[in-house]
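**Student:** Just so it is clear, I am handing over data-v6.cif, which has mmCIF, C-alpha atoms and all ligand atoms.
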```
data_query
#
loop_
_atom_site.label_atom_id
_atom_site.label_comp_id
_atom_site.auth_asym_id
_atom_site.auth_seq_id
_atom_site.Cartn_x
_atom_site.Cartn_y
_atom_site.Cartn_z
CA MET U 52 -17.78 -24.49 8.45
CA VAL U 53 -15.96 -21.26 9.18
CA THR U 54 -14.63 -20.33 12.62
CA LEU U 55 -14.38 -16.74 13.80
CA GLN U 56 -12.09 -16.02 16.70
CA PHE U 57 -12.61 -12.84 18.66
CA VAL U 58 -9.46 -11.18 19.99
CA PRO U 59 -10.14 -8.42 22.54
CA TYR U 60 -7.76 -5.47 22.36
CA HIS U 61 -6.35 -6.08 25.83
CA GLU U 62 -4.93 -9.40 24.61
CA ILE U 63 -2.54 -7.60 22.28
CA GLU U 64 -2.26 -4.29 24.09
CA ASP U 65 0.93 -5.05 26.00
CA LEU U 66 2.64 -7.06 23.27
CA GLY U 67 5.38 -5.59 21.09
CA SER U 68 4.66 -5.26 17.37
CA ALA U 69 6.36 -8.50 16.35
CA ARG U 70 4.50 -10.59 18.96
CA ARG U 71 1.17 -8.97 18.09
CA VAL U 72 1.50 -9.79 14.44
CA LYS U 73 2.71 -13.32 15.18
CA LYS U 74 -0.21 -13.98 17.51
CA LEU U 75 -2.74 -12.95 14.85
CA ILE U 76 -1.05 -14.84 12.02
CA ASP U 77 -0.89 -17.98 14.16
CA ILE U 78 -4.67 -17.90 14.54
CA VAL U 79 -5.19 -17.30 10.83
CA LYS U 80 -2.88 -20.20 10.01
CA GLN U 81 -5.24 -22.46 11.94
CA ASN U 82 -7.78 -21.56 9.23
CA LYS U 83 -9.72 -19.27 11.52
CA ILE U 84 -10.90 -15.75 10.85
CA VAL U 85 -9.64 -13.20 13.36
CA LEU U 86 -12.00 -10.50 14.60
CA LEU U 87 -9.72 -8.11 16.40
CA GLN U 88 -11.20 -5.40 18.55
CA GLY U 89 -9.57 -2.17 17.43
CA ARG U 90 -6.77 -1.60 14.96
CA LEU U 91 -3.11 -2.34 14.56
CA LYS U 92 -0.58 0.43 14.11
CA LYS U 93 0.00 1.35 10.46
CA GLU U 94 3.46 -0.21 10.52
CA GLU U 95 2.00 -3.38 12.01
CA GLU U 96 -0.45 -3.62 9.12
CA THR U 97 2.43 -3.80 6.65
CA ASP U 98 4.33 -6.15 8.98
CA LEU U 99 1.28 -8.39 8.91
CA ILE U 100 1.39 -8.47 5.11
CA SER U 101 5.14 -9.25 5.16
CA ILE U 102 4.72 -12.07 7.66
CA ALA U 103 1.78 -13.48 5.68
CA MET U 104 4.06 -13.57 2.62
CA GLU U 105 6.83 -15.23 4.61
CA GLU U 106 4.41 -17.93 5.72
CA PHE U 107 3.27 -18.52 2.13
CA GLY U 108 3.28 -22.15 1.08
CA ASP U 109 1.21 -24.96 -0.40
CA LYS U 110 -1.50 -24.62 2.23
CA PHE U 111 -1.28 -20.92 3.01
CA LYS U 112 -1.91 -18.40 0.24
CA GLY U 113 -1.83 -15.23 2.31
CA ILE U 114 -4.57 -13.22 3.96
CA GLU U 115 -7.60 -11.08 3.36
CA LEU U 116 -7.54 -7.99 5.52
CA ALA U 117 -10.14 -5.37 6.36
CA VAL U 118 -9.81 -2.52 8.83
CA ILE U 119 -13.03 -0.85 9.85
CA ASN U 120 -12.77 2.64 11.28
CA PRO U 121 -15.42 4.39 13.30
CA LYS U 122 -16.75 7.24 11.19
CA ASN U 123 -17.18 10.75 12.45
CA ASN U 124 -18.83 12.25 9.41
CA ASP U 125 -22.36 12.81 10.61
CA ALA U 126 -21.43 14.33 13.95
CA THR U 127 -21.18 18.08 14.37
CA GLY U 128 -20.39 20.55 17.16
CA LEU U 129 -20.39 19.11 20.64
CA LYS U 130 -21.05 15.61 19.45
CA LYS U 131 -18.04 15.74 17.17
CA ALA U 132 -15.87 17.14 19.95
CA ARG U 133 -17.04 14.36 22.23
CA ASN U 134 -16.31 11.72 19.58
CA ASN U 135 -12.84 13.16 19.06
CA PHE U 136 -12.25 13.09 22.80
CA PHE U 137 -13.20 9.42 23.06
CA ARG U 138 -11.16 8.65 19.99
CA PHE U 139 -8.18 10.24 21.70
CA LEU U 140 -8.81 8.24 24.88
CA LEU U 141 -9.45 4.93 23.15
CA GLY U 142 -6.80 5.27 20.43
CA ASN U 143 -6.43 2.07 18.45
CA ARG U 144 -9.00 0.32 20.60
CA GLN U 145 -11.68 1.72 18.34
CA GLY U 146 -12.80 0.02 15.17
CA LEU U 147 -12.50 -3.58 14.07
CA THR U 148 -9.91 -5.55 12.15
CA ILE U 149 -10.79 -8.68 10.23
CA ILE U 150 -8.04 -11.02 9.09
CA GLY U 151 -8.91 -14.20 7.24
CA PRO U 152 -6.86 -16.88 5.51
CA ALA U 153 -7.04 -16.29 1.75
CA ASN U 154 -7.84 -19.94 1.06
CA ILE U 155 -11.12 -19.48 2.97
CA VAL U 156 -12.00 -15.80 2.69
CA THR U 157 -11.87 -14.65 -0.91
CA GLU U 158 -13.06 -11.09 -0.39
CA ILE U 159 -14.21 -8.72 2.32
CA LYS U 160 -16.59 -5.95 1.34
CA LYS U 161 -17.37 -3.15 3.72
CA ASP U 162 -20.03 -0.60 3.27
CA PRO U 163 -21.45 1.83 5.77
CA ASN U 164 -23.79 -0.56 7.51
CA LYS U 165 -22.72 -4.06 6.63
CA ILE U 166 -19.64 -6.20 6.25
CA GLU U 167 -19.68 -9.10 3.82
CA LEU U 168 -17.20 -11.94 3.94
CA TYR U 169 -17.09 -13.91 0.73
CA THR U 170 -15.91 -17.44 1.37
CA LYS U 171 -14.80 -20.26 -0.88
CA GLU U 172 -17.38 -22.87 0.07
CA ALA U 173 -20.51 -20.78 0.46
CA LYS U 174 -20.58 -17.98 -2.07
CA LYS U 175 -21.63 -15.40 0.46
CA ARG U 176 -21.72 -15.13 4.21
CA LYS U 177 -22.95 -12.15 6.13
CA LYS U 178 -22.01 -10.65 9.43
CA LYS U 179 -23.47 -7.86 11.51
CA MET P 240 21.40 31.06 22.76
CA ILE P 241 24.46 29.04 21.78
CA ASN P 242 22.18 26.07 21.29
CA ILE P 243 19.96 28.02 18.99
CA ILE P 244 22.95 29.03 16.89
CA LYS P 245 24.19 25.44 16.84
CA ALA P 246 20.79 24.20 15.76
CA PHE P 247 20.70 26.84 13.05
CA ILE P 248 24.13 25.93 11.69
CA ASN P 249 23.19 22.26 11.78
CA LYS P 250 20.07 22.97 9.83
CA VAL P 251 21.92 24.96 7.19
CA LEU P 252 24.56 22.24 6.84
CA LYS P 253 21.93 19.53 6.60
CA GLY P 254 20.15 21.60 3.99
CA LEU P 255 23.33 21.80 1.94
CA PHE P 256 23.89 18.07 2.08
CA LYS P 257 20.30 17.31 1.30
CA LYS P 258 20.51 19.32 -1.88
CA LYS P 259 23.39 17.20 -3.10
CA LYS P 260 21.76 13.88 -2.28
CA ASN P 261 19.55 12.39 -4.94
CA ILE P 262 15.91 12.09 -4.01
CA LYS P 263 14.83 8.48 -3.57
CA LEU P 264 11.58 8.28 -5.46
CA GLY P 265 9.58 5.09 -4.91
CA LEU P 266 6.85 3.78 -7.18
CA TYR P 267 4.40 1.81 -5.07
CA GLY P 268 1.03 0.20 -5.49
CA PRO P 269 -0.87 -3.02 -6.06
CA PRO P 270 0.25 -5.38 -8.86
CA ASN P 271 -0.55 -4.40 -12.44
CA GLY P 272 -1.28 -0.72 -11.76
CA GLY P 273 1.40 0.42 -14.20
CA LYS P 274 4.38 1.21 -11.95
CA THR P 275 6.95 -0.14 -14.39
CA THR P 276 5.18 1.44 -17.36
CA LEU P 277 5.44 4.79 -15.57
CA ALA P 278 9.09 4.09 -14.63
CA ASN P 279 9.80 3.36 -18.28
CA ARG P 280 8.02 6.54 -19.34
CA ILE P 281 10.12 8.61 -16.90
CA CYS P 282 13.36 6.92 -17.99
CA LYS P 283 12.54 7.34 -21.66
CA ASP P 284 11.70 11.01 -21.14
CA TRP P 285 14.91 11.84 -19.28
CA LEU P 286 17.49 9.12 -20.02
CA GLY P 287 16.27 7.82 -23.36
CA GLU P 288 16.11 4.22 -22.17
CA ASP P 289 13.71 1.72 -20.57
CA MET P 290 13.79 0.52 -16.99
CA GLY P 291 12.03 -2.82 -16.71
CA ALA P 292 9.69 -5.42 -18.16
CA VAL P 293 5.96 -4.76 -18.33
CA SER P 294 3.30 -7.47 -18.47
CA ASN P 295 -0.43 -7.92 -18.24
CA VAL P 296 0.23 -10.84 -15.88
CA ALA P 297 0.38 -9.54 -12.29
CA HIS P 298 3.62 -9.61 -10.28
CA GLU P 299 5.84 -9.01 -13.30
CA THR P 300 8.28 -7.01 -11.16
CA ARG P 301 9.46 -9.29 -8.37
CA GLU P 302 12.61 -7.49 -7.31
CA VAL P 303 13.16 -3.86 -6.42
CA GLN P 304 14.76 -2.06 -9.39
CA ILE P 305 16.77 1.14 -9.08
CA LYS P 306 17.72 3.68 -11.72
CA GLU P 307 20.16 6.22 -10.36
CA GLN P 308 20.76 9.79 -11.39
CA VAL P 309 17.54 10.58 -13.22
CA ASN P 310 17.54 14.31 -13.95
CA ILE P 311 14.06 15.73 -14.33
CA LYS P 312 13.16 19.27 -15.34
CA SER P 313 9.81 20.89 -14.81
CA LYS P 314 8.91 24.56 -15.15
CA GLY P 315 12.51 25.74 -15.05
CA LYS P 316 13.44 23.70 -11.99
CA GLU P 317 15.63 20.64 -11.98
CA LEU P 318 15.81 17.73 -9.54
CA THR P 319 17.85 14.53 -9.51
CA PHE P 320 16.15 11.33 -8.47
CA ASN P 321 17.04 7.76 -7.78
CA LEU P 322 14.02 6.06 -9.24
CA VAL P 323 12.91 2.91 -7.39
CA ASP P 324 10.41 0.60 -9.10
CA THR P 325 8.94 -1.87 -6.61
CA PRO P 326 7.04 -5.15 -6.87
CA GLY P 327 3.29 -4.77 -6.45
CA ILE P 328 2.03 -5.24 -2.91
CA ALA P 329 -0.65 -7.85 -2.27
CA THR P 330 -1.93 -9.65 0.84
CA LYS P 331 -2.38 -12.94 -1.01
CA ILE P 332 -1.07 -14.69 -4.08
CA ASP P 333 -2.77 -17.46 -6.00
CA TYR P 334 -0.67 -19.33 -8.56
CA GLU P 335 -3.86 -20.50 -10.26
CA ASP P 336 -4.37 -16.92 -11.45
CA PHE P 337 -1.08 -17.22 -13.33
CA ILE P 338 -2.19 -20.51 -14.87
CA LYS P 339 -5.33 -18.74 -16.09
CA SER P 340 -3.02 -16.19 -17.72
CA GLY P 341 -1.35 -19.01 -19.64
CA LEU P 342 1.60 -20.06 -17.50
CA LYS P 343 2.51 -23.71 -16.89
CA GLU P 344 1.91 -24.99 -13.36
CA LYS P 345 5.59 -25.13 -12.49
CA GLN P 346 6.27 -21.62 -13.76
CA ALA P 347 3.15 -20.36 -12.02
CA LYS P 348 4.23 -21.78 -8.67
CA GLN P 349 7.70 -20.35 -9.13
CA ARG P 350 6.26 -16.93 -9.98
CA ALA P 351 4.04 -17.06 -6.87
CA LYS P 352 6.98 -17.85 -4.61
CA GLU P 353 9.07 -15.05 -6.12
CA ALA P 354 6.12 -12.69 -5.86
CA THR P 355 5.93 -13.24 -2.08
CA LYS P 356 9.60 -12.27 -1.79
CA GLY P 357 8.89 -9.21 -3.91
CA VAL P 358 6.11 -8.04 -1.60
CA ILE P 359 8.37 -8.44 1.43
CA ASP P 360 11.09 -6.47 -0.38
CA SER P 361 8.75 -3.64 -1.31
CA ILE P 362 7.61 -3.25 2.28
CA LYS P 363 11.18 -3.39 3.58
CA TRP P 364 12.13 -0.52 1.25
CA LEU P 365 9.22 1.73 2.27
CA ASP P 366 11.23 3.33 5.02
CA GLU P 367 14.09 4.23 2.66
CA MET P 368 12.01 6.49 0.45
CA ASP P 369 12.12 10.29 0.41
CA THR P 370 9.06 10.62 -1.80
CA VAL P 371 6.54 8.09 -3.08
CA ILE P 372 4.24 7.90 -6.07
CA ILE P 373 1.36 5.52 -5.55
CA VAL P 374 0.26 4.13 -8.90
CA LEU P 375 -3.35 2.98 -9.00
CA ASP P 376 -5.31 1.53 -11.91
CA ALA P 377 -8.11 4.06 -12.36
CA THR P 378 -10.43 1.40 -13.78
CA LYS P 379 -10.34 -0.51 -10.48
CA ASP P 380 -11.82 0.09 -7.03
CA PRO P 381 -9.42 2.60 -5.40
CA TYR P 382 -10.59 1.84 -1.90
CA THR P 383 -9.01 -1.58 -1.36
CA GLN P 384 -7.38 -2.43 1.94
CA VAL P 385 -3.95 -2.78 0.32
CA ASN P 386 -4.18 0.76 -1.06
CA ILE P 387 -5.40 2.14 2.26
CA THR P 388 -2.62 0.33 4.11
CA ILE P 389 0.09 1.69 1.79
CA VAL P 390 -1.25 5.24 1.99
CA GLY P 391 -1.67 5.06 5.79
CA ASN P 392 1.78 3.62 6.25
CA LEU P 393 3.46 6.39 4.28
CA GLN P 394 1.43 8.96 6.16
CA ALA P 395 2.58 7.50 9.48
CA ARG P 396 6.19 7.71 8.26
CA LYS P 397 5.62 11.29 7.09
CA ILE P 398 6.79 10.47 3.56
CA PRO P 399 5.28 12.81 0.94
CA VAL P 400 2.91 11.04 -1.44
CA LEU P 401 1.51 11.75 -4.89
CA ILE P 402 -1.27 9.47 -6.11
CA VAL P 403 -1.47 8.69 -9.79
CA ALA P 404 -4.73 7.42 -11.28
CA ASN P 405 -3.26 5.53 -14.21
CA LYS P 406 -4.78 4.11 -17.40
CA SER P 407 -6.90 7.23 -17.89
CA ASP P 408 -6.97 6.34 -21.59
CA LEU P 409 -9.34 3.48 -20.87
CA LYS P 410 -13.09 4.06 -21.01
CA LYS P 411 -13.69 2.52 -17.61
CA ALA P 412 -11.17 4.80 -15.90
CA ASP P 413 -12.64 7.00 -13.16
CA VAL P 414 -10.06 9.51 -11.93
CA LYS P 415 -12.65 11.38 -9.84
CA LYS P 416 -13.43 8.25 -7.89
CA VAL P 417 -9.75 7.84 -7.00
CA GLN P 418 -9.62 11.48 -5.89
CA SER P 419 -12.69 11.11 -3.70
CA ALA P 420 -11.23 8.01 -2.07
CA TYR P 421 -8.13 9.98 -1.05
CA PRO P 422 -9.35 13.56 -0.59
CA GLN P 423 -6.33 14.68 1.42
CA TYR P 424 -3.93 13.85 -1.47
CA ASN P 425 -3.15 15.30 -4.83
CA VAL P 426 -4.44 12.77 -7.39
CA ILE P 427 -3.36 13.11 -11.01
CA GLY P 428 -4.98 11.16 -13.81
CA ILE P 429 -2.45 9.97 -16.40
CA SER P 430 -1.83 7.36 -19.02
CA ALA P 431 1.66 6.04 -18.41
CA LYS P 432 1.34 3.97 -21.55
CA TYR P 433 0.43 6.79 -23.94
CA GLY P 434 1.86 9.74 -22.03
CA ASN P 435 -1.40 11.62 -21.45
CA ASN P 436 -1.13 14.39 -18.83
CA ILE P 437 2.47 13.49 -18.06
CA ASP P 438 3.52 17.16 -17.69
CA LYS P 439 0.94 17.60 -14.95
CA PHE P 440 2.43 14.53 -13.32
CA TYR P 441 5.92 16.08 -13.30
CA GLU P 442 4.47 19.29 -11.85
CA GLY P 443 2.75 17.32 -9.11
CA LEU P 444 5.95 15.44 -8.41
CA PHE P 445 7.94 18.68 -8.07
CA ALA P 446 5.29 20.08 -5.76
CA ILE P 447 5.99 17.34 -3.19
CA ALA P 448 9.68 16.62 -3.88
CA GLY P 449 11.02 20.09 -4.66
N1 LIG U 501 -4.34 1.11 -21.24
C1 LIG U 501 -3.30 1.28 -20.44
N2 LIG U 501 -2.62 0.19 -20.01
C2 LIG U 501 -1.56 0.41 -19.17
C3 LIG U 501 -1.17 1.71 -18.76
N3 LIG U 501 -0.12 1.57 -17.93
C4 LIG U 501 0.15 0.25 -17.85
N4 LIG U 501 -0.71 -0.46 -18.60
C5 LIG U 501 -0.74 -1.92 -18.76
O1 LIG U 501 -0.99 -2.53 -17.51
C6 LIG U 501 -0.28 -3.75 -17.40
C7 LIG U 501 0.61 -3.73 -16.15
O2 LIG U 501 1.62 -2.74 -16.31
P1 LIG U 501 2.97 -2.80 -15.48
O3 LIG U 501 3.70 -1.53 -15.73
O4 LIG U 501 3.69 -4.09 -15.69
O5 LIG U 501 2.37 -2.78 -13.99
P2 LIG U 501 3.15 -2.87 -12.59
O6 LIG U 501 2.43 -1.95 -11.66
O7 LIG U 501 4.60 -2.61 -12.79
O8 LIG U 501 2.89 -4.36 -12.18
P3 LIG U 501 3.77 -5.34 -11.21
O9 LIG U 501 5.19 -5.21 -11.60
O10 LIG U 501 3.20 -6.69 -11.50
O11 LIG U 501 3.48 -4.90 -9.82
C8 LIG U 501 0.51 -3.91 -18.68
O12 LIG U 501 -0.24 -4.75 -19.56
C9 LIG U 501 0.59 -2.48 -19.21
O13 LIG U 501 0.73 -2.43 -20.62
C10 LIG U 501 -1.92 2.82 -19.25
O14 LIG U 501 -1.67 3.98 -18.96
N5 LIG U 501 -2.98 2.55 -20.07
MG MG U 502 6.23 -3.73 -12.44
#
```
Using the file provided, produce a representation of the structure as structure tokens.
**Tutor:**
Amino acid sequence: MVTLQFVPYHEIEDLGSARRVKKLIDIVKQNKIVLLQGRLKKEEETDLISIAMEEFGDKFKGIELAVINPKNNDATGLKKARNNFFRFLLGNRQGLTIIGPANIVTEIKKDPNKIELYTKEAKKRKKK
Amino acid sequence: MINIIKAFINKVLKGLFKKKKNIKLGLYGPPNGGKTTLANRICKDWLGEDMGAVSNVAHETREVQIKEQVNIKSKGKELTFNLVDTPGIATKIDYEDFIKSGLKEKQAKQRAKEATKGVIDSIKWLDEMDTVIIVLDATKDPYTQVNITIVGNLQARKIPVLIVANKSDLKKADVKKVQSAYPQYNVIGISAKYGNNIDKFYEGLFAIAG
């Protein structure tokens, strides 16, 4: 069995970078897959990798990470302007970040309309 | 007005000092892309010596290596670099992969532990760099999260980046695919091992570091 834990953006919004990363890693270390609403800052993404490496041990092999961005490719004109406006308002609240423990999630594949989490026990598990 | 003059003088002075300082040039990327092979190529070209050990087993470089005072010339210009070869960045490390490559269990576990330290070191050094070359294996998927995270991080820090699509000598290499994954960057296909297109690489380097 695999557990997914949803973390709404407001739960990390007011935390400093170090506490944000710690909160997410703590969930992953419980062998759960984090589904974070939105994205971390770029520096926090590398912090997350560093902390994952610090936590490395017999039971914890690191993480699988996938950041999904909302695309703006198809939109043109007014629609594009509107999308940009919302993007500005929402900032890092847009998109989705998946963080899984590497001993459970072996690979995350994203393509335009599906996300596939490959797990150790079952060969393939689909979401969305 | 005085402030403007002060700012101007400051800028000129800074400019003077900057010219004297060597440019910290970081080689970054996922394990096994060919960072050390490229570092060796650069050192052989300009110093006549090697820089570090190369291996087909991932995480060969596990400590940041620095070669100071590397004088490079390209198209009549000359720049002095401090070349920094870094351990490959990964989000996970599995010692069983090393066993598959022929290492004994104890060595494999040791290598894994050292590799985690190497990754932490690489990331710590990111902020120190003046210019970065991201070395990607052109036979592999360029669009991995690790690659995107490294590129995004450097962009956020406003550090100039050149992307190298390495191993272009191999049949499976797809330089165009690397370019289309990172359209906003200059991507240069090279073979660090055999030296293919290395002049273009130096030109690209001077374009962002000069
Ligand atoms: N065919 C081919 N092989 C290459 C090329 N560059 C590097 N290699 C090979 O790729 C493997 C890894 O090269 P390294 O230079 O050790 O890679 P690295 O990026 O420093 O790896 P880490 O230190 O583990 O992060 C070695 O077996 C090299 O011989 C190239 O241009 N062409
Ligand atoms: Mg190396």
**Student:** Would you list which chain P residues are within 12 Å of chain U using only C-alpha atoms, as a PDB file with C-alpha atoms, in the frame of the given file?
**Tutor:**
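Final file, result_8.pdb:
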```pdb
ATOM      1  CA  ILE P 328       2.030  -5.240  -2.910  1.00  0.00           C
ATOM      2  CA  ALA P 329      -0.650  -7.850  -2.270  1.00  0.00           C
ATOM      3  CA  THR P 330      -1.930  -9.650   0.840  1.00  0.00           C
ATOM      4  CA  LYS P 331      -2.380 -12.940  -1.010  1.00  0.00           C
ATOM      5  CA  ILE P 332      -1.070 -14.690  -4.080  1.00  0.00           C
ATOM      6  CA  ASP P 333      -2.770 -17.460  -6.000  1.00  0.00           C
ATOM      7  CA  TYR P 334      -0.670 -19.330  -8.560  1.00  0.00           C
ATOM      8  CA  GLU P 335      -3.860 -20.500 -10.260  1.00  0.00           C
ATOM      9  CA  LYS P 348       4.230 -21.780  -8.670  1.00  0.00           C
ATOM     10  CA  GLN P 349       7.700 -20.350  -9.130  1.00  0.00           C
ATOM     11  CA  ALA P 351       4.040 -17.060  -6.870  1.00  0.00           C
ATOM     12  CA  LYS P 352       6.980 -17.850  -4.610  1.00  0.00           C
ATOM     13  CA  GLU P 353       9.070 -15.050  -6.120  1.00  0.00           C
ATOM     14  CA  ALA P 354       6.120 -12.690  -5.860  1.00  0.00           C
ATOM     15  CA  THR P 355       5.930 -13.240  -2.080  1.00  0.00           C
ATOM     16  CA  LYS P 356       9.600 -12.270  -1.790  1.00  0.00           C
ATOM     17  CA  GLY P 357       8.890  -9.210  -3.910  1.00  0.00           C
ATOM     18  CA  VAL P 358       6.110  -8.040  -1.600  1.00  0.00           C
ATOM     19  CA  ILE P 359       8.370  -8.440   1.430  1.00  0.00           C
ATOM     20  CA  ASP P 360      11.090  -6.470  -0.380  1.00  0.00           C
ATOM     21  CA  SER P 361       8.750  -3.640  -1.310  1.00  0.00           C
ATOM     22  CA  ILE P 362       7.610  -3.250   2.280  1.00  0.00           C
ATOM     23  CA  LYS P 363      11.180  -3.390   3.580  1.00  0.00           C
ATOM     24  CA  TRP P 364      12.130  -0.520   1.250  1.00  0.00           C
ATOM     25  CA  LEU P 365       9.220   1.730   2.270  1.00  0.00           C
ATOM     26  CA  ASP P 366      11.230   3.330   5.020  1.00  0.00           C
ATOM     27  CA  ASP P 380     -11.820   0.090  -7.030  1.00  0.00           C
ATOM     28  CA  TYR P 382     -10.590   1.840  -1.900  1.00  0.00           C
ATOM     29  CA  THR P 383      -9.010  -1.580  -1.360  1.00  0.00           C
ATOM     30  CA  GLN P 384      -7.380  -2.430   1.940  1.00  0.00           C
ATOM     31  CA  VAL P 385      -3.950  -2.780   0.320  1.00  0.00           C
ATOM     32  CA  ASN P 386      -4.180   0.760  -1.060  1.00  0.00           C
ATOM     33  CA  ILE P 387      -5.400   2.140   2.260  1.00  0.00           C
ATOM     34  CA  THR P 388      -2.620   0.330   4.110  1.00  0.00           C
ATOM     35  CA  ILE P 389       0.090   1.690   1.790  1.00  0.00           C
ATOM     36  CA  VAL P 390      -1.250   5.240   1.990  1.00  0.00           C
ATOM     37  CA  GLY P 391      -1.670   5.060   5.790  1.00  0.00           C
ATOM     38  CA  ASN P 392       1.780   3.620   6.250  1.00  0.00           C
ATOM     39  CA  LEU P 393       3.460   6.390   4.280  1.00  0.00           C
ATOM     40  CA  GLN P 394       1.430   8.960   6.160  1.00  0.00           C
ATOM     41  CA  ALA P 395       2.580   7.500   9.480  1.00  0.00           C
ATOM     42  CA  ARG P 396       6.190   7.710   8.260  1.00  0.00           C
ATOM     43  CA  LYS P 397       5.620  11.290   7.090  1.00  0.00           C
TER      44      LYS P 397
END
```
**Student:** I'd like to know which of P:Asn425, P:Asn405, P:Asn321, P:Ser313 is closest to Asp369 of chain P, using all atoms listed in the file.
**Tutor:** P:Asn321
**Student:** Let me see if you get this right: every residue at most 10 Å from ligand MG 502 (chain U), counting only C-alpha atoms and all ligand atoms, written as number ranges by chain.
**Tutor:** P: 266-279, 290-304, 324-327
**Student:** Edge lengths and centre in Å to one decimal, as JSON, is what I'm after for the box along x, y and z that holds all listed atoms of ligand LIG 501 (chain U) once 4 Å is added on each side.
**Tutor:**
```
{"center_x": 0.4, "center_y": -1.4, "center_z": -15.5, "size_x": 17.5, "size_y": 18.7, "size_z": 19.4}
```
**Student:** Nearest residue to ligand LIG 501 (chain U) out of P:Ala246, P:Leu409, P:Val323, P:Val414, using all atoms listed in the file?
**Tutor:** P:Leu409
**Student:** Taking all atoms listed in the file into account, which of U:Val58, U:Lys131, U:Pro121, U:Ile84 comes nearest Thr170 of chain U?
**Tutor:**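 Among the listed residues, the smallest separation from Thr170 of chain U belongs to U:Ile84.
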**Student:** Quick one: distance from atom CA of Asp376 of chain P to atom CA of Asn261 of chain P in Å, one decimal?
**Tutor:**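 A separation of 28.0 Å between them.
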**Student:** Write out as a list in words each polymer residue whose atoms come within 12 Å of Asp438 of chain P, counting all atoms listed in the file; drop sequence neighbours fewer than 5 positions from it.
**Tutor:** Arg280, Ile281, Asp284, Ile311, Lys312, Ser313, Lys314, Ile427, Gly428, Ile429, Ser430, Ala431, Gly443, Leu444 and Phe445 of chain P
**Student:** Store the residues picked out above in a file with C-alpha atoms, as a PDB file, in the frame of the given file.
**Tutor:**
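Wrote it out as again.pdb, contents follow:
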```pdb
ATOM      1  CA  ARG P 280       8.020   6.540 -19.340  1.00  0.00           C
ATOM      2  CA  ILE P 281      10.120   8.610 -16.900  1.00  0.00           C
ATOM      3  CA  ASP P 284      11.700  11.010 -21.140  1.00  0.00           C
ATOM      4  CA  ILE P 311      14.060  15.730 -14.330  1.00  0.00           C
ATOM      5  CA  LYS P 312      13.160  19.270 -15.340  1.00  0.00           C
ATOM      6  CA  SER P 313       9.810  20.890 -14.810  1.00  0.00           C
ATOM      7  CA  LYS P 314       8.910  24.560 -15.150  1.00  0.00           C
ATOM      8  CA  ILE P 427      -3.360  13.110 -11.010  1.00  0.00           C
ATOM      9  CA  GLY P 428      -4.980  11.160 -13.810  1.00  0.00           C
ATOM     10  CA  ILE P 429      -2.450   9.970 -16.400  1.00  0.00           C
ATOM     11  CA  SER P 430      -1.830   7.360 -19.020  1.00  0.00           C
ATOM     12  CA  ALA P 431       1.660   6.040 -18.410  1.00  0.00           C
ATOM     13  CA  GLY P 443       2.750  17.320  -9.110  1.00  0.00           C
ATOM     14  CA  LEU P 444       5.950  15.440  -8.410  1.00  0.00           C
ATOM     15  CA  PHE P 445       7.940  18.680  -8.070  1.00  0.00           C
TER      16      PHE P 445
END
```
**Student:** What is the distance between atom CA of Val156 of chain U and atom CA of Phe57 of chain U, in Å to one decimal?
**Tutor:**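 Separating atom CA of Val156 of chain U from atom CA of Phe57 of chain U is a distance of 16.3 Å.
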**Student:** Which one is closest to ligand LIG 501 (chain U): P:Val374, P:Val426, P:Ile447, P:Ile338? Count all atoms listed in the file.
**Tutor:** P:Val374
**Student:** Taking into account all atoms listed in the file, which residue in the set P:Asn242, P:Ser340, P:Gln346, P:Gln423 is nearest to ligand LIG 501 (chain U)?
**Tutor:**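 Looking only at the distances to ligand LIG 501 (chain U), the closest residue turns out to be P:Ser340.
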**Student:** So how many Å separate atom CA of Phe440 of chain P and atom O6 of ligand LIG 501 (chain U), to one decimal?
**Tutor:**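 Computed distance, atom CA of Phe440 of chain P to atom O6 of ligand LIG 501 (chain U), equals 16.6 Å.
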**Student:** Select, from P:Ile398, P:Ala420, P:Ala377, P:Val371, the residue with the minimum atom-to-atom distance to ligand LIG 501 (chain U), counting only C-alpha atoms and all ligand atoms.
**Tutor:** P:Ala377
**Student:** Any idea what's packed within 8 Å of Asn82 of chain U, counting only C-alpha atoms, ignoring anything in its chain fewer than 3 positions away? Could you give it as a list in words?
**Tutor:**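 The neighbour list is Thr54, Ile78, Val79, Gly151, Pro152 and Ile155 of chain U.
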